[in-house]
Each structure stands twice: as C-alpha cells, then as structure tokens.
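Next up, protein15.cif (mmCIF, C-alpha atoms and all ligand atoms):
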```
data_entry
loop_
_atom_site.group_PDB
_atom_site.id
_atom_site.type_symbol
_atom_site.label_atom_id
_atom_site.label_comp_id
_atom_site.auth_asym_id
_atom_site.auth_seq_id
_atom_site.Cartn_x
_atom_site.Cartn_y
_atom_site.Cartn_z
ATOM 1 C CA MET H 134 -17.391 22.302 -4.974
ATOM 2 C CA ARG H 135 -13.964 21.448 -3.619
ATOM 3 C CA GLN H 136 -11.561 19.396 -5.747
ATOM 4 C CA THR H 137 -10.867 15.834 -4.624
ATOM 5 C CA LEU H 138 -8.351 13.245 -5.777
ATOM 6 C CA SER H 139 -11.082 11.900 -8.089
ATOM 7 C CA THR H 140 -11.741 15.277 -9.719
ATOM 8 C CA LEU H 141 -7.992 15.817 -10.167
ATOM 9 C CA ARG H 142 -7.728 12.423 -11.894
ATOM 10 C CA LYS H 143 -10.717 13.275 -14.113
ATOM 11 C CA THR H 144 -9.040 16.520 -15.174
ATOM 12 C CA LEU H 145 -5.936 14.563 -16.161
ATOM 13 C CA ALA H 146 -8.022 11.973 -18.018
ATOM 14 C CA ASN H 147 -9.507 14.873 -20.002
ATOM 15 C CA GLY H 148 -6.007 15.851 -21.113
ATOM 16 C CA ARG H 149 -5.453 18.917 -18.912
ATOM 17 C CA LYS H 150 -2.507 19.226 -16.531
ATOM 18 C CA LEU H 151 -2.783 20.382 -12.914
ATOM 19 C CA SER H 152 -1.595 23.645 -11.413
ATOM 20 C CA MET H 153 -0.424 23.838 -7.799
ATOM 21 C CA LEU H 154 0.906 26.829 -5.873
ATOM 22 C CA THR H 155 2.075 27.246 -2.330
ATOM 23 C CA CYS H 156 -0.339 29.332 -0.285
ATOM 24 C CA TYR H 157 -0.301 30.417 3.331
ATOM 25 C CA GLU H 158 -3.112 32.967 3.711
ATOM 26 C CA ALA H 159 -6.881 33.139 3.226
ATOM 27 C CA SER H 160 -6.825 36.182 0.935
ATOM 28 C CA PHE H 161 -4.375 34.599 -1.520
ATOM 29 C CA ALA H 162 -6.307 31.313 -1.329
ATOM 30 C CA GLN H 163 -9.446 33.148 -2.427
ATOM 31 C CA VAL H 164 -7.672 34.726 -5.390
ATOM 32 C CA MET H 165 -6.090 31.391 -6.382
ATOM 33 C CA ASP H 166 -9.556 29.817 -6.388
ATOM 34 C CA ALA H 167 -10.843 32.606 -8.629
ATOM 35 C CA ALA H 168 -7.887 32.111 -10.984
ATOM 36 C CA GLY H 169 -8.498 28.361 -11.315
ATOM 37 C CA ILE H 170 -5.469 26.982 -9.462
ATOM 38 C CA ASP H 171 -6.207 23.291 -8.863
ATOM 39 C CA CYS H 172 -4.193 22.616 -5.690
ATOM 40 C CA LEU H 173 -2.880 24.768 -2.834
ATOM 41 C CA LEU H 174 0.080 23.573 -0.779
ATOM 42 C CA VAL H 175 0.935 24.899 2.660
ATOM 43 C CA GLY H 176 4.609 24.256 2.086
ATOM 44 C CA ASP H 177 7.241 24.369 4.772
ATOM 45 C CA SER H 178 8.821 26.925 2.425
ATOM 46 C CA LEU H 179 6.823 29.267 4.656
ATOM 47 C CA GLY H 180 9.843 29.098 6.950
ATOM 48 C CA MET H 181 11.758 30.996 4.260
ATOM 49 C CA VAL H 182 9.200 33.178 2.501
ATOM 50 C CA VAL H 183 6.943 34.021 5.464
ATOM 51 C CA GLN H 184 9.250 33.692 8.478
ATOM 52 C CA GLY H 185 12.421 34.919 6.747
ATOM 53 C CA ARG H 186 14.658 31.981 7.722
ATOM 54 C CA ASP H 187 17.368 30.520 5.488
ATOM 55 C CA SER H 188 15.945 26.995 5.483
ATOM 56 C CA THR H 189 12.689 25.158 6.228
ATOM 57 C CA LEU H 190 14.030 23.334 9.278
ATOM 58 C CA ALA H 191 12.521 25.470 12.046
ATOM 59 C CA VAL H 192 8.943 25.136 10.817
ATOM 60 C CA THR H 193 6.642 23.285 13.235
ATOM 61 C CA VAL H 194 3.471 21.247 12.871
ATOM 62 C CA GLU H 195 1.599 24.084 14.589
ATOM 63 C CA ASP H 196 2.925 26.585 12.019
ATOM 64 C CA ILE H 197 1.651 24.413 9.162
ATOM 65 C CA ALA H 198 -1.667 23.726 10.942
ATOM 66 C CA TYR H 199 -2.228 27.462 11.484
ATOM 67 C CA HIS H 200 -1.690 28.306 7.808
ATOM 68 C CA THR H 201 -3.681 25.258 6.648
ATOM 69 C CA ALA H 202 -6.689 26.416 8.649
ATOM 70 C CA ASN H 203 -6.313 29.882 7.105
ATOM 71 C CA ILE H 204 -6.296 28.656 3.507
ATOM 72 C CA ALA H 205 -9.108 26.181 4.218
ATOM 73 C CA ARG H 206 -11.257 29.145 5.294
ATOM 74 C CA GLY H 207 -10.182 31.257 2.308
ATOM 75 C CA SER H 208 -10.724 28.728 -0.468
ATOM 76 C CA ARG H 209 -13.801 26.787 -1.588
ATOM 77 C CA LYS H 210 -12.529 24.941 -4.661
ATOM 78 C CA ALA H 211 -8.862 23.952 -4.602
ATOM 79 C CA PHE H 212 -7.462 20.659 -3.295
ATOM 80 C CA LEU H 213 -5.477 21.376 -0.105
ATOM 81 C CA LEU H 214 -2.140 19.820 0.830
ATOM 82 C CA ALA H 215 -0.078 20.393 3.962
ATOM 83 C CA ASP H 216 3.629 19.719 4.424
ATOM 84 C CA MET H 217 4.835 17.479 7.246
ATOM 85 C CA PRO H 218 7.684 19.617 8.626
ATOM 86 C CA PHE H 219 11.218 18.539 9.507
ATOM 87 C CA GLY H 220 11.321 16.196 12.517
ATOM 88 C CA SER H 221 7.555 15.674 12.662
ATOM 89 C CA TYR H 222 7.503 12.075 11.382
ATOM 90 C CA HIS H 223 10.842 10.457 12.159
ATOM 91 C CA GLU H 224 10.689 9.788 15.929
ATOM 92 C CA SER H 225 8.038 7.055 15.920
ATOM 93 C CA PRO H 226 4.938 5.896 14.051
ATOM 94 C CA ALA H 227 2.829 7.422 16.850
ATOM 95 C CA GLN H 228 4.509 10.820 16.470
ATOM 96 C CA ALA H 229 4.083 10.671 12.670
ATOM 97 C CA MET H 230 0.392 9.843 13.043
ATOM 98 C CA ARG H 231 -0.171 12.641 15.576
ATOM 99 C CA SER H 232 1.442 15.176 13.234
ATOM 100 C CA ALA H 233 -0.567 14.036 10.202
ATOM 101 C CA VAL H 234 -3.853 13.947 12.138
ATOM 102 C CA ARG H 235 -3.258 17.516 13.359
ATOM 103 C CA LEU H 236 -2.816 18.721 9.758
ATOM 104 C CA MET H 237 -5.823 16.828 8.425
ATOM 105 C CA GLN H 238 -7.959 18.222 11.242
ATOM 106 C CA ALA H 239 -6.748 21.716 10.356
ATOM 107 C CA GLY H 240 -8.262 21.232 6.883
ATOM 108 C CA ALA H 241 -5.683 19.422 4.713
ATOM 109 C CA GLN H 242 -6.908 16.790 2.249
ATOM 110 C CA MET H 243 -3.424 15.274 1.858
ATOM 111 C CA VAL H 244 -0.078 15.450 3.652
ATOM 112 C CA LYS H 245 3.291 15.694 1.905
ATOM 113 C CA LEU H 246 6.427 14.004 3.239
ATOM 114 C CA GLU H 247 10.004 14.483 2.052
ATOM 115 C CA GLY H 248 12.076 11.338 1.777
ATOM 116 C CA GLY H 249 12.690 8.086 -0.024
ATOM 117 C CA ALA H 250 12.037 4.368 0.305
ATOM 118 C CA GLU H 251 12.752 4.546 4.063
ATOM 119 C CA LEU H 252 9.319 6.200 4.457
ATOM 120 C CA GLU H 253 7.478 3.155 3.075
ATOM 121 C CA GLY H 254 6.141 2.117 6.497
ATOM 122 C CA ILE H 255 4.894 5.606 7.380
ATOM 123 C CA VAL H 256 3.149 5.950 4.013
ATOM 124 C CA ARG H 257 1.396 2.587 4.514
ATOM 125 C CA GLN H 258 0.385 3.585 8.031
ATOM 126 C CA PHE H 259 -1.125 6.891 6.834
ATOM 127 C CA VAL H 260 -2.924 5.303 3.902
ATOM 128 C CA HIS H 261 -4.455 2.649 6.192
ATOM 129 C CA ALA H 262 -5.696 5.473 8.430
ATOM 130 C CA GLY H 263 -7.330 7.226 5.465
ATOM 131 C CA ILE H 264 -4.708 9.952 5.132
ATOM 132 C CA PRO H 265 -3.797 10.576 1.483
ATOM 133 C CA VAL H 266 -0.058 11.002 0.915
ATOM 134 C CA CYS H 267 2.090 13.003 -1.473
ATOM 135 C CA ALA H 268 5.658 11.657 -1.553
ATOM 136 C CA HIS H 269 8.273 14.379 -2.164
ATOM 137 C CA VAL H 270 11.372 12.927 -3.890
ATOM 138 C CA GLY H 271 14.521 14.266 -5.570
ATOM 139 C CA LEU H 272 15.822 17.488 -4.017
ATOM 140 C CA LEU H 273 14.679 17.402 -0.380
ATOM 141 C CA PRO H 274 14.996 20.874 1.202
ATOM 142 C CA GLN H 275 14.714 19.334 4.690
ATOM 143 C CA HIS H 276 18.009 17.529 3.916
ATOM 144 C CA VAL H 277 19.775 20.780 2.974
ATOM 145 C CA HIS H 278 22.639 20.275 5.429
ATOM 146 C CA ALA H 279 23.102 16.605 4.504
ATOM 147 C CA ILE H 280 23.319 17.331 0.774
ATOM 148 C CA GLY H 281 25.369 20.519 1.079
ATOM 149 C CA GLY H 282 22.865 23.085 -0.194
ATOM 150 C CA PHE H 283 19.870 23.301 -2.494
ATOM 151 C CA ARG H 284 21.470 21.309 -5.325
ATOM 152 C CA VAL H 285 20.042 19.382 -8.250
ATOM 153 C CA GLN H 286 19.845 15.684 -7.319
ATOM 154 C CA GLY H 287 20.094 12.555 -9.473
ATOM 155 C CA LYS H 288 22.832 13.682 -11.852
ATOM 156 C CA ALA H 289 24.885 10.509 -11.329
ATOM 157 C CA GLN H 290 23.236 7.374 -12.695
ATOM 158 C CA SER H 291 23.269 5.634 -9.300
ATOM 159 C CA ASP H 292 21.496 8.620 -7.679
ATOM 160 C CA ALA H 293 18.972 8.775 -10.486
ATOM 161 C CA ASP H 294 18.229 5.066 -10.069
ATOM 162 C CA ARG H 295 17.790 5.537 -6.318
ATOM 163 C CA ILE H 296 15.365 8.447 -6.755
ATOM 164 C CA LEU H 297 13.315 6.507 -9.318
ATOM 165 C CA HIS H 298 13.272 3.570 -6.877
ATOM 166 C CA ASP H 299 12.148 5.930 -4.052
ATOM 167 C CA ALA H 300 9.213 7.116 -6.148
ATOM 168 C CA GLN H 301 8.257 3.557 -7.081
ATOM 169 C CA VAL H 302 8.439 2.221 -3.510
ATOM 170 C CA LEU H 303 6.381 5.108 -2.093
ATOM 171 C CA GLU H 304 3.795 4.802 -4.843
ATOM 172 C CA ALA H 305 3.521 1.045 -4.189
ATOM 173 C CA ALA H 306 3.047 1.856 -0.485
ATOM 174 C CA GLY H 307 0.020 3.940 -1.431
ATOM 175 C CA ALA H 308 1.192 7.497 -2.152
ATOM 176 C CA ALA H 309 -1.477 8.948 -4.452
ATOM 177 C CA MET H 310 0.757 11.823 -5.533
ATOM 178 C CA VAL H 311 4.506 12.111 -6.121
ATOM 179 C CA LEU H 312 6.165 15.531 -6.140
ATOM 180 C CA VAL H 313 9.512 15.546 -7.935
ATOM 181 C CA GLU H 314 11.849 18.448 -7.180
ATOM 182 C CA GLY H 315 15.184 19.544 -8.650
ATOM 183 C CA VAL H 316 16.285 16.651 -10.868
ATOM 184 C CA PRO H 317 17.562 16.381 -14.461
ATOM 185 C CA GLU H 318 14.734 16.523 -16.988
ATOM 186 C CA GLY H 319 15.252 12.926 -18.120
ATOM 187 C CA LEU H 320 14.809 11.596 -14.592
ATOM 188 C CA GLY H 321 11.719 13.747 -13.994
ATOM 189 C CA ARG H 322 10.290 12.443 -17.263
ATOM 190 C CA ARG H 323 11.074 8.822 -16.356
ATOM 191 C CA ILE H 324 9.305 9.144 -13.017
ATOM 192 C CA ALA H 325 6.311 10.842 -14.664
ATOM 193 C CA GLU H 326 6.066 8.243 -17.419
ATOM 194 C CA THR H 327 6.370 5.199 -15.179
ATOM 195 C CA SER H 328 4.185 6.368 -12.292
ATOM 196 C CA HIS H 329 0.491 5.654 -11.829
ATOM 197 C CA ALA H 330 0.317 8.256 -9.080
ATOM 198 C CA ILE H 331 -0.309 11.922 -9.929
ATOM 199 C CA THR H 332 3.139 13.433 -10.561
ATOM 200 C CA ILE H 333 3.841 17.094 -9.804
ATOM 201 C CA GLY H 334 7.098 18.669 -10.933
ATOM 202 C CA ILE H 335 9.207 21.610 -9.777
ATOM 203 C CA GLY H 336 12.484 21.796 -11.655
ATOM 204 C CA ALA H 337 11.682 18.318 -13.038
ATOM 205 C CA SER H 338 9.863 17.827 -16.375
ATOM 206 C CA VAL H 339 6.921 19.060 -18.411
ATOM 207 C CA ALA H 340 5.964 15.377 -18.637
ATOM 208 C CA CYS H 341 4.690 15.496 -15.050
ATOM 209 C CA ASP H 342 0.915 15.575 -14.556
ATOM 210 C CA GLY H 343 1.185 19.007 -12.991
ATOM 211 C CA GLN H 344 3.564 21.675 -11.728
ATOM 212 C CA VAL H 345 4.077 23.537 -8.470
ATOM 213 C CA LEU H 346 5.825 26.811 -7.680
ATOM 214 C CA VAL H 347 6.270 28.849 -4.535
ATOM 215 C CA MET H 348 3.805 31.740 -4.834
ATOM 216 C CA GLN H 349 6.338 34.455 -3.945
ATOM 217 C CA ASP H 350 8.723 33.124 -6.622
ATOM 218 C CA MET H 351 6.173 33.207 -9.441
ATOM 219 C CA LEU H 352 5.088 36.712 -8.391
ATOM 220 C CA GLY H 353 8.673 37.887 -8.885
ATOM 221 C CA LEU H 354 9.430 38.530 -5.204
ATOM 222 C CA ASN H 355 12.587 36.393 -5.106
ATOM 223 C CA ALA H 356 15.749 38.392 -5.885
ATOM 224 C CA SER H 357 17.737 35.281 -6.880
ATOM 225 C CA PRO H 358 15.263 32.740 -8.197
ATOM 226 C CA ALA H 359 16.200 29.169 -9.113
ATOM 227 C CA ARG H 360 16.278 28.173 -12.766
ATOM 228 C CA PHE H 361 12.858 26.510 -12.552
ATOM 229 C CA VAL H 362 11.113 29.755 -11.532
ATOM 230 C CA LYS H 363 9.209 31.924 -13.978
ATOM 231 C CA ASP H 364 7.974 35.389 -12.978
ATOM 232 C CA PHE H 365 4.382 35.344 -14.232
ATOM 233 C CA THR H 366 3.840 39.054 -13.561
ATOM 234 C CA LYS H 367 6.445 40.058 -16.135
ATOM 235 C CA ASP H 368 4.648 39.816 -19.456
ATOM 236 C CA LEU H 369 1.210 40.949 -18.324
ATOM 237 C CA PRO H 370 -0.182 44.121 -19.886
ATOM 238 C CA ALA H 371 0.437 47.022 -17.516
ATOM 239 C CA GLY H 372 -2.181 49.326 -16.050
ATOM 240 C CA GLU H 373 -5.020 46.819 -15.956
ATOM 241 C CA GLY H 374 -5.104 46.059 -12.218
ATOM 242 C CA GLY H 375 -5.697 42.635 -10.704
ATOM 243 C CA ILE H 376 -2.126 41.715 -11.518
ATOM 244 C CA ILE H 377 -1.881 38.974 -8.896
ATOM 245 C CA GLU H 378 -5.016 37.166 -10.060
ATOM 246 C CA ARG H 379 -3.919 37.567 -13.681
ATOM 247 C CA ALA H 380 -0.492 36.089 -12.870
ATOM 248 C CA PHE H 381 -2.119 33.098 -11.154
ATOM 249 C CA ARG H 382 -4.469 32.642 -14.123
ATOM 250 C CA GLN H 383 -1.585 32.851 -16.607
ATOM 251 C CA TYR H 384 0.317 30.222 -14.606
ATOM 252 C CA ALA H 385 -2.755 27.921 -14.470
ATOM 253 C CA GLU H 386 -3.211 28.218 -18.238
ATOM 254 C CA GLU H 387 0.464 27.666 -19.119
ATOM 255 C CA VAL H 388 0.656 24.611 -16.864
ATOM 256 C CA ALA H 389 -2.671 23.244 -18.103
ATOM 257 C CA ASP H 390 -1.566 23.079 -21.732
ATOM 258 C CA GLY H 391 2.105 22.234 -21.124
ATOM 259 C CA ARG H 392 3.630 25.625 -22.010
ATOM 260 C CA PHE H 393 5.218 25.785 -18.550
ATOM 261 C CA PRO H 394 7.858 24.636 -17.810
ATOM 262 C CA ALA H 395 9.779 25.593 -20.948
ATOM 263 C CA ALA H 396 13.293 24.370 -21.750
ATOM 264 C CA ALA H 397 14.737 27.309 -19.806
ATOM 265 C CA HIS H 398 13.134 26.018 -16.574
ATOM 266 C CA VAL H 399 14.458 22.441 -16.522
ATOM 267 C CA TYR H 400 17.864 20.896 -15.865
ATOM 268 C CA GLY H 401 20.066 18.926 -18.286
ATOM 269 C CA LEU H 402 17.591 18.567 -21.118
ATOM 270 C CA SER H 403 18.725 15.783 -23.468
ATOM 271 C CA GLY H 404 18.524 16.018 -27.246
ATOM 272 C CA ASP H 405 15.866 13.300 -27.401
ATOM 273 C CA ASP H 406 13.595 15.060 -24.955
ATOM 274 C CA ALA H 407 14.047 18.572 -26.373
ATOM 275 C CA ALA H 408 11.217 17.904 -28.837
ATOM 276 C CA ALA H 409 8.740 18.056 -25.956
ATOM 277 C CA TYR H 410 9.824 21.672 -25.441
ATOM 278 C CA GLY H 411 9.413 22.664 -29.082
ATOM 279 C CA GLY H 412 13.011 21.679 -29.824
ATOM 280 C CA GLN H 413 14.380 24.387 -27.488
ATOM 281 C CA ARG H 414 17.474 23.648 -25.461
ATOM 282 C CA PRO H 415 18.402 25.354 -22.242
ATOM 283 C CA ALA H 416 20.870 28.162 -22.899
ATOM 284 C CA THR H 417 23.281 27.139 -20.149
ATOM 285 C CA PRO H 418 24.215 23.839 -18.554
ATOM 286 C CA PRO H 419 22.377 22.968 -15.338
ATOM 287 C CA ALA H 420 23.533 24.600 -12.135
ATOM 288 C CA ALA H 421 25.094 22.268 -9.566
HETATM 289 O O1 LIG H 501 7.497 23.730 0.806
HETATM 290 C C1 LIG H 501 7.379 23.922 -0.406
HETATM 291 O O2 LIG H 501 7.105 25.031 -0.852
HETATM 292 C C2 LIG H 501 7.576 22.804 -1.298
HETATM 293 C C3 LIG H 501 7.855 23.078 -2.758
HETATM 294 C C4 LIG H 501 8.260 21.855 -3.458
HETATM 295 C C5 LIG H 501 6.781 23.692 -3.505
HETATM 296 O O3 LIG H 501 7.559 21.706 -0.866
#
```

Can you present the structure in this file as structure tokens?
Ligand code: KIV
Amino acid sequence: MRQTLSTLRKTLANGRKLSMLTCYEASFAQVMDAAGIDCLLVGDSLGMVVQGRDSTLAVTVEDIAYHTANIARGSRKAFLLADMPFGSYHESPAQAMRSAVRLMQAGAQMVKLEGGAELEGIVRQFVHAGIPVCAHVGLLPQHVHAIGGFRVQGKAQSDADRILHDAQVLEAAGAAMVLVEGVPEGLGRRIAETSHAITIGIGASVACDGQVLVMQDMLGLNASPARFVKDFTKDLPAGEGGIIERAFRQYAEEVADGRFPAAAHVYGLSGDDAAAYGGQRPATPPAA
C-alpha cells in the first residue's frame, strides 16, 4: 500500500524518522521502494543532475510532470512529492493552481514550493483545493542569483528569525510538511522543535522528522559534494552486488534511527547541541 500523510505521521509517532530521496525514473523508484525509502521527491534538481544545467531555473512544469508520472508508475509504496519549478507559481493564483493541478494529476501526492511568508496566500489556496503542500525554507536554490550562490542561509540573527517566521507562517497557512535546507544546525533544530508539520532537513539538523538527499549525491556521483552529503556507497562491503539498493537501504536505516546526519554533515553546530551528535563537533567551520 502507498504511504500517505497519515502513515508518515504514524511512523513518526512510533519513534522512527522518515527517509526521502530525489527520484526521477521508474527503475530507481522501484529500487527505492524495495529499500524502504519513505518518500520520493521529483526535485527541480533534475535540471542539474539529469539535464546537466548549472541551476534549477530552466526546469518546467512539464519536465516535473513527466518525471512524476515515471516514478508514480515505478513505485507502489513511497509517498510522492513534486517540485513546483521556478516561475510556475508567481504570476497569478490561477497560474499557480494550474501548475499544481498538472503535477497532482501526473501522480504527485504533495507539491513543494520554495519561498517564505509571501507564499502564505498560495499555500492557503492549494490547501483549500485539497493539494497538500511542502514549504521549502532556508536556502532556496531557485533564488540562487538573488542570494549570490548556493550559500548557507540564516547565519545572521535577523535572517534566522525571518526563516523561522517563514516556516511558522507557511505551517499556519496549512503546509503539512516543511523542508529546511542549508541553515545553521541551531536554526534547523529550532524549526524542527517548534513545528507541528513534518520537518525534513537537508544541511539542517538531525532534530528534523526526516532527511532528504539528492540521489546522485548519496550514490557518490557528485565530484564536489556539499558538506551535508554522505556517499552511502562508500562503506558497503565490496563484491556483493546490488550496491544501489544496499546504499538506499543503508541511508533509510541511518536516517530512521538518527545516525544521519552526523556532526560532519551540519553547519555551525553549537556546543549545547553537539550532544545530539554523540558530542562530535564538525571538524571545520561552516562554509559560506
Ligand atoms: O530539488 C531538489 O532536489 C530539492 C532538494 C532540497 C532535495 O529540492
């Protein structure tokens, strides 16, 4: 049976965290199901890892719909999310609704939008139409040119307060999930601990309800991975075959019991919070 928001919440209530990976193809979706990955995201990262571009900006609703339909056919169990790409929800409420409807009809169970409190109206509109929403806060790759690169966000107190406020406003508007990307650990933890929505971290905090990684990153295909990436193929016993499924399974298990992320995968870990990572501290200060 396919996961729903209710089954995801039940898993959390039973004390297990949620694993999410990006996925763009039926064959990988099938293997992720077999490995027990809870949620598959058709991320607009496909612009970079599938289409070979240097940002996500050129990805279209049709691109996401195409890949969503593929993973919906390939998987039977995981909860499916689709990214609303750059420019697909800012023109008007009607345009936003058309984009979201297209993705839900392609097979998504939830759409993800990048942005802050300014998206409150769109989130309310979607929720009233029965479209579950994941709010993506913190580092927003669709804003790469506005923020001057893929940089950790929320280092200054005023920025941290704004990002926390973004998460709170979007949750109050009805977002059932909040994805927090690229922020200092303390801010990720604060969002996770104050939110009633399901929180998913990437370069955020182990305190989140779950974690997400780009599939190609965690399979070691990225030559210059960000700090929050772990290559899950690295420590697997060699010569056993099935390495991709085993890497997915290892990821699911390490997320489920809070072993991933470790201190090495988060930014600006404070002394107080280091205990949650077995007292480890990151070896180097956070990258800008
Ligand atoms: O597009 C994407 O891959 C994302 C990441 C946060 C996982 O949104």

Ligand LIG 501 (chain H) neighbours within 8 Å using only C-alpha atoms and all ligand atoms, as JSON, numbers by chain = {"H": [154, 155, 174, 175, 176, 177, 178, 179, 189, 216, 245, 269, 274, 312, 313, 314, 335, 345, 346, 347]}

request  = Can you pull out every residue within 12 Å of stretch 303-307 of chain H, counting all atoms listed in the file, but drop anything in the same chain fewer than 2 positions away, and send it as a PyMOL selection string?
outcome  = chain H and resi 245-270+296-301+309-312+324-325+327-332

Evaluate the PyMOL selection byres (((chain H and resi 275) around 7) and not hetatm) and report residues as a PDB file with C-alpha atoms, keeping the file's coordinate frame:
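Output contents, as saved in part_31.pdb:
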```pdb
ATOM      1  CA  THR H 189      12.689  25.158   6.228  1.00  0.00           C
ATOM      2  CA  LEU H 190      14.030  23.334   9.278  1.00  0.00           C
ATOM      3  CA  PHE H 219      11.218  18.539   9.507  1.00  0.00           C
ATOM      4  CA  LEU H 273      14.679  17.402  -0.380  1.00  0.00           C
ATOM      5  CA  PRO H 274      14.996  20.874   1.202  1.00  0.00           C
ATOM      6  CA  HIS H 276      18.009  17.529   3.916  1.00  0.00           C
ATOM      7  CA  VAL H 277      19.775  20.780   2.974  1.00  0.00           C
TER       8      VAL H 277
END
```

Answer as a ChimeraX atom specification, residues within 12 Å of (22.6, 10.3, -5.3) using all atoms listed in the file = /H:249,270-273,279-280,284-299,316

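One finds atom CA of H:Leu369 at 27.0 Å from atom CA of H:Ala407.
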
inquiry  = Show me the residues around (-12.9, 30.8, -6.6) - criterion: an atom at most 10 Å away, all atoms listed in the file counted - as a ChimeraX atom specification.
reply    = /H:134-135,162-170,207-211

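A straight line drawn from atom CA of H:Gln344 to atom CA of H:Val399 is 11.9 Å long.
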
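Interatomic distance, atom CA of H:Ala380 against atom CA of H:Met351: 8.0 Å.
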
If you count all atoms listed in the file, which residues fall within 7 Å of H:Tyr400, apart from same-chain ones fewer than 4 positions away, as a compact mmCIF listing (two decimals) with C-alpha atoms, in the coordinates of the input?
```
# COMPACT_ATOMS: atom_id res chain seq x y z
CA VAL H 316 16.28 16.65 -10.87
CA PRO H 317 17.56 16.38 -14.46
CA GLU H 318 14.73 16.52 -16.99
CA GLY H 336 12.48 21.80 -11.66
CA PRO H 419 22.38 22.97 -15.34
```

What does the PyMOL selection byres (((chain H and resi 238) around 12) and not hetatm) select in this file, as a tab-separated table (two decimals) with C-alpha atoms, keeping the file's coordinate frame?
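The result, written out as part.tsv:
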```tsv
chain	number	residue	atom	x	y	z
H	194	VAL	CA	3.47	21.25	12.87
H	195	GLU	CA	1.60	24.08	14.59
H	197	ILE	CA	1.65	24.41	9.16
H	198	ALA	CA	-1.67	23.73	10.94
H	199	TYR	CA	-2.23	27.46	11.48
H	201	THR	CA	-3.68	25.26	6.65
H	202	ALA	CA	-6.69	26.42	8.65
H	205	ALA	CA	-9.11	26.18	4.22
H	215	ALA	CA	-0.08	20.39	3.96
H	230	MET	CA	0.39	9.84	13.04
H	231	ARG	CA	-0.17	12.64	15.58
H	232	SER	CA	1.44	15.18	13.23
H	233	ALA	CA	-0.57	14.04	10.20
H	234	VAL	CA	-3.85	13.95	12.14
H	235	ARG	CA	-3.26	17.52	13.36
H	236	LEU	CA	-2.82	18.72	9.76
H	237	MET	CA	-5.82	16.83	8.43
H	239	ALA	CA	-6.75	21.72	10.36
H	240	GLY	CA	-8.26	21.23	6.88
H	241	ALA	CA	-5.68	19.42	4.71
H	242	GLN	CA	-6.91	16.79	2.25
H	243	MET	CA	-3.42	15.27	1.86
H	244	VAL	CA	-0.08	15.45	3.65
H	264	ILE	CA	-4.71	9.95	5.13
```

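Within the file as shown, the PyMOL selection byres (((chain H and resi 140) around 12) and not hetatm) identifies Met134, Arg135, Gln136, Thr137, Leu138, Ser139, Leu141, Arg142, Lys143, Thr144, Leu145, Ala146, Asn147, Arg149, Leu151, Asp171, Cys172, Lys210, Ala211, Phe212 and Ile331 of chain H.
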
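Each of H:Gly180, H:Gly353, H:Gly185, H:Gly282 was compared to H:Lys367 using all atoms listed in the file, and H:Gly353 turns out to be the nearest.
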
ask   = Skipping near chain neighbours, those fewer than 4 positions away, what residues fall within 10 Å of H:Met348 using all atoms listed in the file, listed as a ChimeraX atom specification?
value = /H:153-157,161,173-174,182,352-355,364,381

Deliver the residues from the most recent selection as a file, using C-alpha atoms, as a CSV table (one decimal), in the coordinates of the input.
```
chain,number,residue,atom,x,y,z
H,153,MET,CA,-0.4,23.8,-7.8
H,154,LEU,CA,0.9,26.8,-5.9
H,155,THR,CA,2.1,27.2,-2.3
H,156,CYS,CA,-0.3,29.3,-0.3
H,157,TYR,CA,-0.3,30.4,3.3
H,161,PHE,CA,-4.4,34.6,-1.5
H,173,LEU,CA,-2.9,24.8,-2.8
H,174,LEU,CA,0.1,23.6,-0.8
H,182,VAL,CA,9.2,33.2,2.5
H,352,LEU,CA,5.1,36.7,-8.4
H,353,GLY,CA,8.7,37.9,-8.9
H,354,LEU,CA,9.4,38.5,-5.2
H,355,ASN,CA,12.6,36.4,-5.1
H,364,ASP,CA,8.0,35.4,-13.0
H,381,PHE,CA,-2.1,33.1,-11.2
```

Build an axis-aligned box that encloses every atom of stretch 327-339 of chain H listed in the file, pad it by 6 Å on each side, and report its centre and edge lengths in Å to one decimal, as lines of an AutoDock Vina configuration file.
```
center_x = 6.1
center_y = 13.5
center_z = -13.7
size_x = 24.8
size_y = 28.6
size_z = 21.3
```

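Candidate residues H:His278, H:Lys363, H:Arg382, H:Arg392 were compared for distance to H:Lys150, and the nearest is H:Arg392, using all atoms listed in the file.
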
ask   = Leaving out H:Glu158 and any residue of its chain fewer than 6 positions from it, which residues lie within 7 Å of it when counting only C-alpha atoms, given as a list in words?
value = His200, Asn203 and Ile204 of chain H

Atoms to include: C-alpha atoms. Write the selected residues as a short mmCIF file (atom, residue, chain, number, x, y, z; two decimals), in the frame of the given file.
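Saved the output as part.cif:
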```
data_model
loop_
_atom_site.label_atom_id
_atom_site.label_comp_id
_atom_site.auth_asym_id
_atom_site.auth_seq_id
_atom_site.Cartn_x
_atom_site.Cartn_y
_atom_site.Cartn_z
CA HIS H 200 -1.69 28.31 7.81
CA ASN H 203 -6.31 29.88 7.10
CA ILE H 204 -6.30 28.66 3.51
#
```

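Between H:Ser338 and the candidates H:Pro394, H:Gly372, H:Pro358, H:Gly220, the tightest atom-to-atom separation, counting all atoms listed in the file, involves H:Pro394.
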
key: Residues within 9 Å of H:Asp390, all atoms listed in the file, excluding chain neighbours under 3 positions, as JSON, numbers by chain   = {"H": [148, 149, 150, 385, 386, 387, 393]}

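Residue nearest H:Phe361, chosen from H:Pro226, H:Gly319, H:Gly334, H:Gly281 and counting all atoms listed in the file: H:Gly334.
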